[in-house]
Structure formats: structure tokens, C-alpha cells
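Colleague: I'd like to ask you about the structure that follows.
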Amino acid sequence: MYQSAGSAHASAETIAGLDAWRSLSPQQQPAYEDAAELEAARQSLGAQPPLIFAGEADRLKDRIAAASRGEAFVLAGGDCAESFSGATADKIRRRVQTVLQMAAVLTYGGSLPVVKIGRMAGQFAKPRSSDLETREGVTLPSFRGDIVNSHEFTPEARRNDPQRMLTAYNVSASTLNLIRAFTTGGFADLRLVHDWNRGFLTANEGYQRYEATAAEIDRALRFMEACGADFEALNSVEFFAAHEALLLEYERALTRIDSRTGDPYDVSGHFLWIGERTRQLDSAHVDFLSRVRNPIGVKLGPTATADDALALAERLDPDAEPGRLTFITRMGAGVIRERLPQLLQGIGDRLPHVTWVCDPMHGNTITSSSGYKTRRFEDIMAEVSGFFEAHYDAGTVPGGLHIELTGDDVTEILGGGAQIDEAGLEERYETLVDPRLNHDQALEMAFQVAEYVSA
Ligand code: PEP
Ligand code: MN
């Protein structure tokens, strides 16, 4: 706990509450063999400086509150699972660049500020459907993300290693350092970002239908310039970090008491979310995140009822604080037009302070005939349009998008302007867990959404 003389203190009850999850049979946690090793990792994580500051988390809460009112739009994107080896300067830069490029298009399309969030600097832990994986008669622990074990299918690699939490912390720190440098060092200049978007459009015939939007953005930029807009002042953008708060030892060890208020904040990331598999009202994950003051999210899949959503809101956001709670719906293109309207209708006008975000990825995962875990671009876009329509019909606010993307030229998702087909998947299928939109597919999504919201 970092507390200095004269600063606000947390009560003993508040501190003890941060460990209440331990007695709630937490799901999706790795079994660590060596208690002393775990304790050592916990101690050294607890002594590390915070990765983010409570005041930054509060600022993000304000931005998300604006999105709940339709005065901003949230864009969260990044890998399904970050990897330690993938935390290179080039890959991080390309991911930040992709989010900035999408944000520029969406800002224009919606005439709204875009709240930029990376699924980055902490997105290392993955929920798995089974504790064990069997291949050709050999059974080993499942891969739970680089923060727990390694992807390679050997007993050594699959051992759950608490020391990996320290590595995750260090990789997160260097990732955040780069993000902060890129987003404040001129790299975010709107004119530069627009030039990148222009390059994307001319490189591929499949994208020429977006020329008209790009030409309008050109005109808007020239107009701003003619009016004397200070582009230098727009050089710096806010960029926040988010991940699923899945591995509770890690999240607990990185929770600190804010010296301004005496309130606990999880300083491993600005925004933390609870996954579809761990969102039960009495779950360890819901208990833990109910006790920190960051802005938080909960994934809601096709089985979520209005009563579930209302009870989660009561538990996680009893004060109905604007920006505190985001529901991230992930229904699936086949059912969203039925399930989301039902959910919104069941809730009625009882959660006006909650922000609604669309995750069009996780309800649309399929296996290709060649055996790849993939998604169809068309299904993803069908879920996005179903999301906007459901909110427009219900009179609620479509507050943002949460997607899995990379800045790299991978081939993991079918379709899009470059028409990746089943045979094409094997060219550059690099993801450790779920398939991601590649750079061009991510931008294509932004142009389609921009056409959609400005129509
Ligand atoms: C994820 O966001 O990678 C994820 C596992 O999603 P969900 O909890 O919605 O399944
Ligand atoms: Mn995923």
C-alpha cells in the first residue's frame, strides 16, 4: 500500500475485503504447485510501482460516462491474448496506429470524440473451457496465457509458473511506456493518421468504396486548417489500457489504496472487465471488482437476462455512478437482433448511467473446414449493425466497440475487402487464442461503421 503521512487511509475492513474472493471458489485460476514460489511472486508484485494512476482511471470514467450519454464513443481494441514475445516496439506501434486510424474515421463518422482504449499492457490471462488439453494421447495443463504458462505443448512449458506474473508486470510496464511515448510524441497527429488511412485505401481495390468518406475527411481537415486550428495542440491523445481481470492473484497484488481518497484502485490497468464465463453474481471476480474504483466492464452473452444485468449493476455499481459500469454485449450475429432488444426492453429505463458497448467478436467464432478457429467479417459487421439498430429502436445509446485486432498483416478472419478465404487462413495465422481483425479489416470496419452512424 502506498500511503504517506497525511494521506487518506482505507479501513481495515476495506483492506480485508480485497481478499474476500479467496473464499469464493474463484474459477479459471491456475493451480500453482509451490506455495512458497507463489508467495514470493505475490510479495514482489506487491512492492512494484503502479502501472496506472487512480486519477487516470477517474478520467477514463468521465470519458466513458460521456459515451453513456451519447457524447463520446468508446473504441477498445487489441489482441485476444497478448504474448511476451509479441511486445516488440514494431508490433505495439502498429496496434496503437491501427486504433488511432480507426478512431480518426469514427470521430469523423459520428462527429464525436472517440475514447481510445487498448486491450494492451495486461491482456495476458485467458479463460479456458477445460483445465487440461490432450493431443495425440498426451494430456497437459491448458495454455492459460503467457502470465500463467507457455503456449508450447510440453510439460515444462505448460507448468503454471507464478514468476510469470512478474514478467507480465514488466512487459506491461514497457508496453505502457511505449504507448505513452507514441500517443504524446507527435505520432498521433491527425494529419499523419489521415495520411495513413489514405495509403490504406489506395493500396487495395477492395477498399475504393470508402474513398468518398476519406475525401470528406480531407475537406474537413483543410477546413480546420483554414480556420487556424492548432494541429500541434491536437498532437497528444489520451490512450487507456484495459484487460480482463481474470488472474486474481495478479490483480490483487496490483491493487493499491489511493492516497487522495482512501479508496482501492486496481493499478494494473485503467479499465478492467469480467468475462462471460466468470460473471455470476456470487463469483469471486464480481466480488473483487466490486471493491475497486476503476471503471469496469462485464461481458454479456446471449443467455444474459435483464434480471442478471440489473443484479450485476446493483452489485457492481450500487451508487449508479456514471462511467463506472459498461456492459459489453457479445451475442452472435444469428441472435443479436432477438436477444439484445429483449435485454434492453427488460431493463427499460432503469440503467441510464450504464454504457453499452458491442463486442462483435466472441459470439461469432467458428471452426473452418481446415480446422482453424476463425470468424467471418460479414458476421462481425452483422453483429455491429444489430447492436446499433437495437439501441436506436430502444432509445438507448450505442456507446462503443470492443474488438480483437492486430496492426499486423495476419490472415485469421475470413472475408473483408481482401476476401480472405479458407485456404488463405493458413498463410499468416499467428494468434495464440482467438482470431483477430488484421490492420486492413480493422480499418474497413471503421469505415463501414462511420458510414452507418453518419447515415
Ligand atoms: C475475450 O474478451 O477474449 C473473452 C474471453 O471474451 P468473453 O468473456 O466474452 O468470452
Ligand atoms: Mn478472445
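We label chains A, B, ... in the order they appear in the C-alpha cells, count residues from 1 in each chain, and number ligands from 1 in the order shown.
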Within segment 241-347 of chain A, find each residue whose DSSP state, derived from the backbone, is strand (DSSP E or B), and express the selection as number ranges by chain.

Modeller: A: 241-244, 255-257, 264-266, 271-274, 296-300, 325-329

Colleague: How would the residues just chosen look if you wrote them out with N, CA and C atoms as an mmCIF file, in the first residue's frame?

Modeller:
```
data_model
loop_
_atom_site.group_PDB
_atom_site.id
_atom_site.type_symbol
_atom_site.label_atom_id
_atom_site.label_comp_id
_atom_site.auth_asym_id
_atom_site.auth_seq_id
_atom_site.Cartn_x
_atom_site.Cartn_y
_atom_site.Cartn_z
ATOM 1 N N ALA A 241 -5.426 1.793 -21.072
ATOM 2 C CA ALA A 241 -5.121 0.358 -21.148
ATOM 3 C C ALA A 241 -6.186 -0.450 -20.413
ATOM 4 N N ALA A 242 -6.570 -1.577 -21.024
ATOM 5 C CA ALA A 242 -7.630 -2.420 -20.447
ATOM 6 C C ALA A 242 -7.280 -3.891 -20.599
ATOM 7 N N HIS A 243 -7.756 -4.694 -19.668
ATOM 8 C CA HIS A 243 -7.643 -6.147 -19.831
ATOM 9 C C HIS A 243 -8.702 -6.851 -18.983
ATOM 10 N N GLU A 244 -8.901 -8.137 -19.264
ATOM 11 C CA GLU A 244 -9.816 -8.918 -18.433
ATOM 12 C C GLU A 244 -9.130 -9.189 -17.094
ATOM 13 N N THR A 255 -3.317 -4.023 -6.524
ATOM 14 C CA THR A 255 -4.353 -3.106 -6.037
ATOM 15 C C THR A 255 -3.767 -2.257 -4.912
ATOM 16 N N ARG A 256 -3.981 -0.965 -4.998
ATOM 17 C CA ARG A 256 -3.397 -0.019 -4.054
ATOM 18 C C ARG A 256 -4.471 0.929 -3.525
ATOM 19 N N ILE A 257 -4.170 1.515 -2.375
ATOM 20 C CA ILE A 257 -5.090 2.499 -1.804
ATOM 21 C C ILE A 257 -4.705 3.889 -2.329
ATOM 22 N N PRO A 264 -9.619 1.820 -2.813
ATOM 23 C CA PRO A 264 -8.760 0.906 -3.581
ATOM 24 C C PRO A 264 -8.934 1.083 -5.095
ATOM 25 N N TYR A 265 -7.819 1.046 -5.810
ATOM 26 C CA TYR A 265 -7.829 1.012 -7.278
ATOM 27 C C TYR A 265 -6.955 -0.146 -7.711
ATOM 28 N N ASP A 266 -7.390 -0.834 -8.751
ATOM 29 C CA ASP A 266 -6.548 -1.862 -9.363
ATOM 30 C C ASP A 266 -5.655 -1.128 -10.358
ATOM 31 N N PHE A 271 -8.930 0.215 -17.199
ATOM 32 C CA PHE A 271 -10.265 -0.387 -17.287
ATOM 33 C C PHE A 271 -10.108 -1.893 -17.191
ATOM 34 N N LEU A 272 -10.906 -2.532 -16.330
ATOM 35 C CA LEU A 272 -10.839 -3.980 -16.151
ATOM 36 C C LEU A 272 -12.216 -4.549 -16.464
ATOM 37 N N TRP A 273 -12.247 -5.713 -17.070
ATOM 38 C CA TRP A 273 -13.566 -6.309 -17.281
ATOM 39 C C TRP A 273 -13.631 -7.738 -16.767
ATOM 40 N N ILE A 274 -14.903 -8.171 -16.575
ATOM 41 C CA ILE A 274 -15.203 -9.533 -16.129
ATOM 42 C C ILE A 274 -15.716 -10.281 -17.355
ATOM 43 N N ILE A 296 -15.235 -0.264 -14.854
ATOM 44 C CA ILE A 296 -15.175 -1.706 -15.132
ATOM 45 C C ILE A 296 -16.225 -2.107 -16.165
ATOM 46 N N GLY A 297 -16.027 -3.286 -16.731
ATOM 47 C CA GLY A 297 -16.980 -3.809 -17.706
ATOM 48 C C GLY A 297 -17.382 -5.221 -17.348
ATOM 49 N N VAL A 298 -18.530 -5.649 -17.874
ATOM 50 C CA VAL A 298 -18.952 -7.042 -17.763
ATOM 51 C C VAL A 298 -19.411 -7.482 -19.149
ATOM 52 N N LYS A 299 -18.910 -8.626 -19.600
ATOM 53 C CA LYS A 299 -19.371 -9.196 -20.866
ATOM 54 C C LYS A 299 -20.744 -9.823 -20.644
ATOM 55 N N LEU A 300 -21.646 -9.589 -21.585
ATOM 56 C CA LEU A 300 -22.967 -10.221 -21.511
ATOM 57 C C LEU A 300 -23.213 -11.008 -22.791
ATOM 58 N N LEU A 325 -19.794 1.562 -14.850
ATOM 59 C CA LEU A 325 -20.101 0.234 -15.378
ATOM 60 C C LEU A 325 -20.429 0.260 -16.874
ATOM 61 N N THR A 326 -19.751 -0.623 -17.594
ATOM 62 C CA THR A 326 -20.016 -0.809 -19.021
ATOM 63 C C THR A 326 -20.484 -2.243 -19.234
ATOM 64 N N PHE A 327 -21.564 -2.426 -19.945
ATOM 65 C CA PHE A 327 -21.957 -3.769 -20.374
ATOM 66 C C PHE A 327 -21.458 -3.972 -21.797
ATOM 67 N N ILE A 328 -20.671 -5.026 -21.958
ATOM 68 C CA ILE A 328 -20.092 -5.331 -23.268
ATOM 69 C C ILE A 328 -20.846 -6.542 -23.809
ATOM 70 N N THR A 329 -21.774 -6.307 -24.740
ATOM 71 C CA THR A 329 -22.601 -7.414 -25.222
ATOM 72 C C THR A 329 -21.883 -8.167 -26.334
#
```

Colleague: If we count only C-alpha atoms and set the cut-off at 7 Å, which residues sit around Asn149 of chain A, ignoring sequence neighbours fewer than 6 positions away in its own chain? Please answer as a PyMOL selection string.

Modeller: chain A and resi 143+157-161

Colleague: Using only C-alpha atoms and all ligand atoms, which protein or nucleic acid residues are at most 6 Å from ligand 1, as a ChimeraX atom specification?

Modeller: /A:80,275-277,299,362

Colleague: Ligand 2: which residues are within 9 Å, counting only C-alpha atoms and all ligand atoms? Reply as number ranges by chain.

Modeller: A: 79-81, 126, 361-362, 403-404, 433-436

Colleague: Counting only C-alpha atoms, figure out which residue out of A:Pro162, A:Gly70, A:Gly77, A:Pro50 gets nearest to Leu38 of chain A.

Modeller: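 Closest candidate: A:Pro162.
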
Colleague: Give me the residues near Val267 of chain A as a ChimeraX atom specification, where near means some atom within 12 Å (using only C-alpha atoms) and where sequence neighbours in that chain fewer than 5 positions away do not count.

Modeller: /A:1-2,45-46,48-58,121-122,169,172-173,241-243,245,250-258,272,292-295
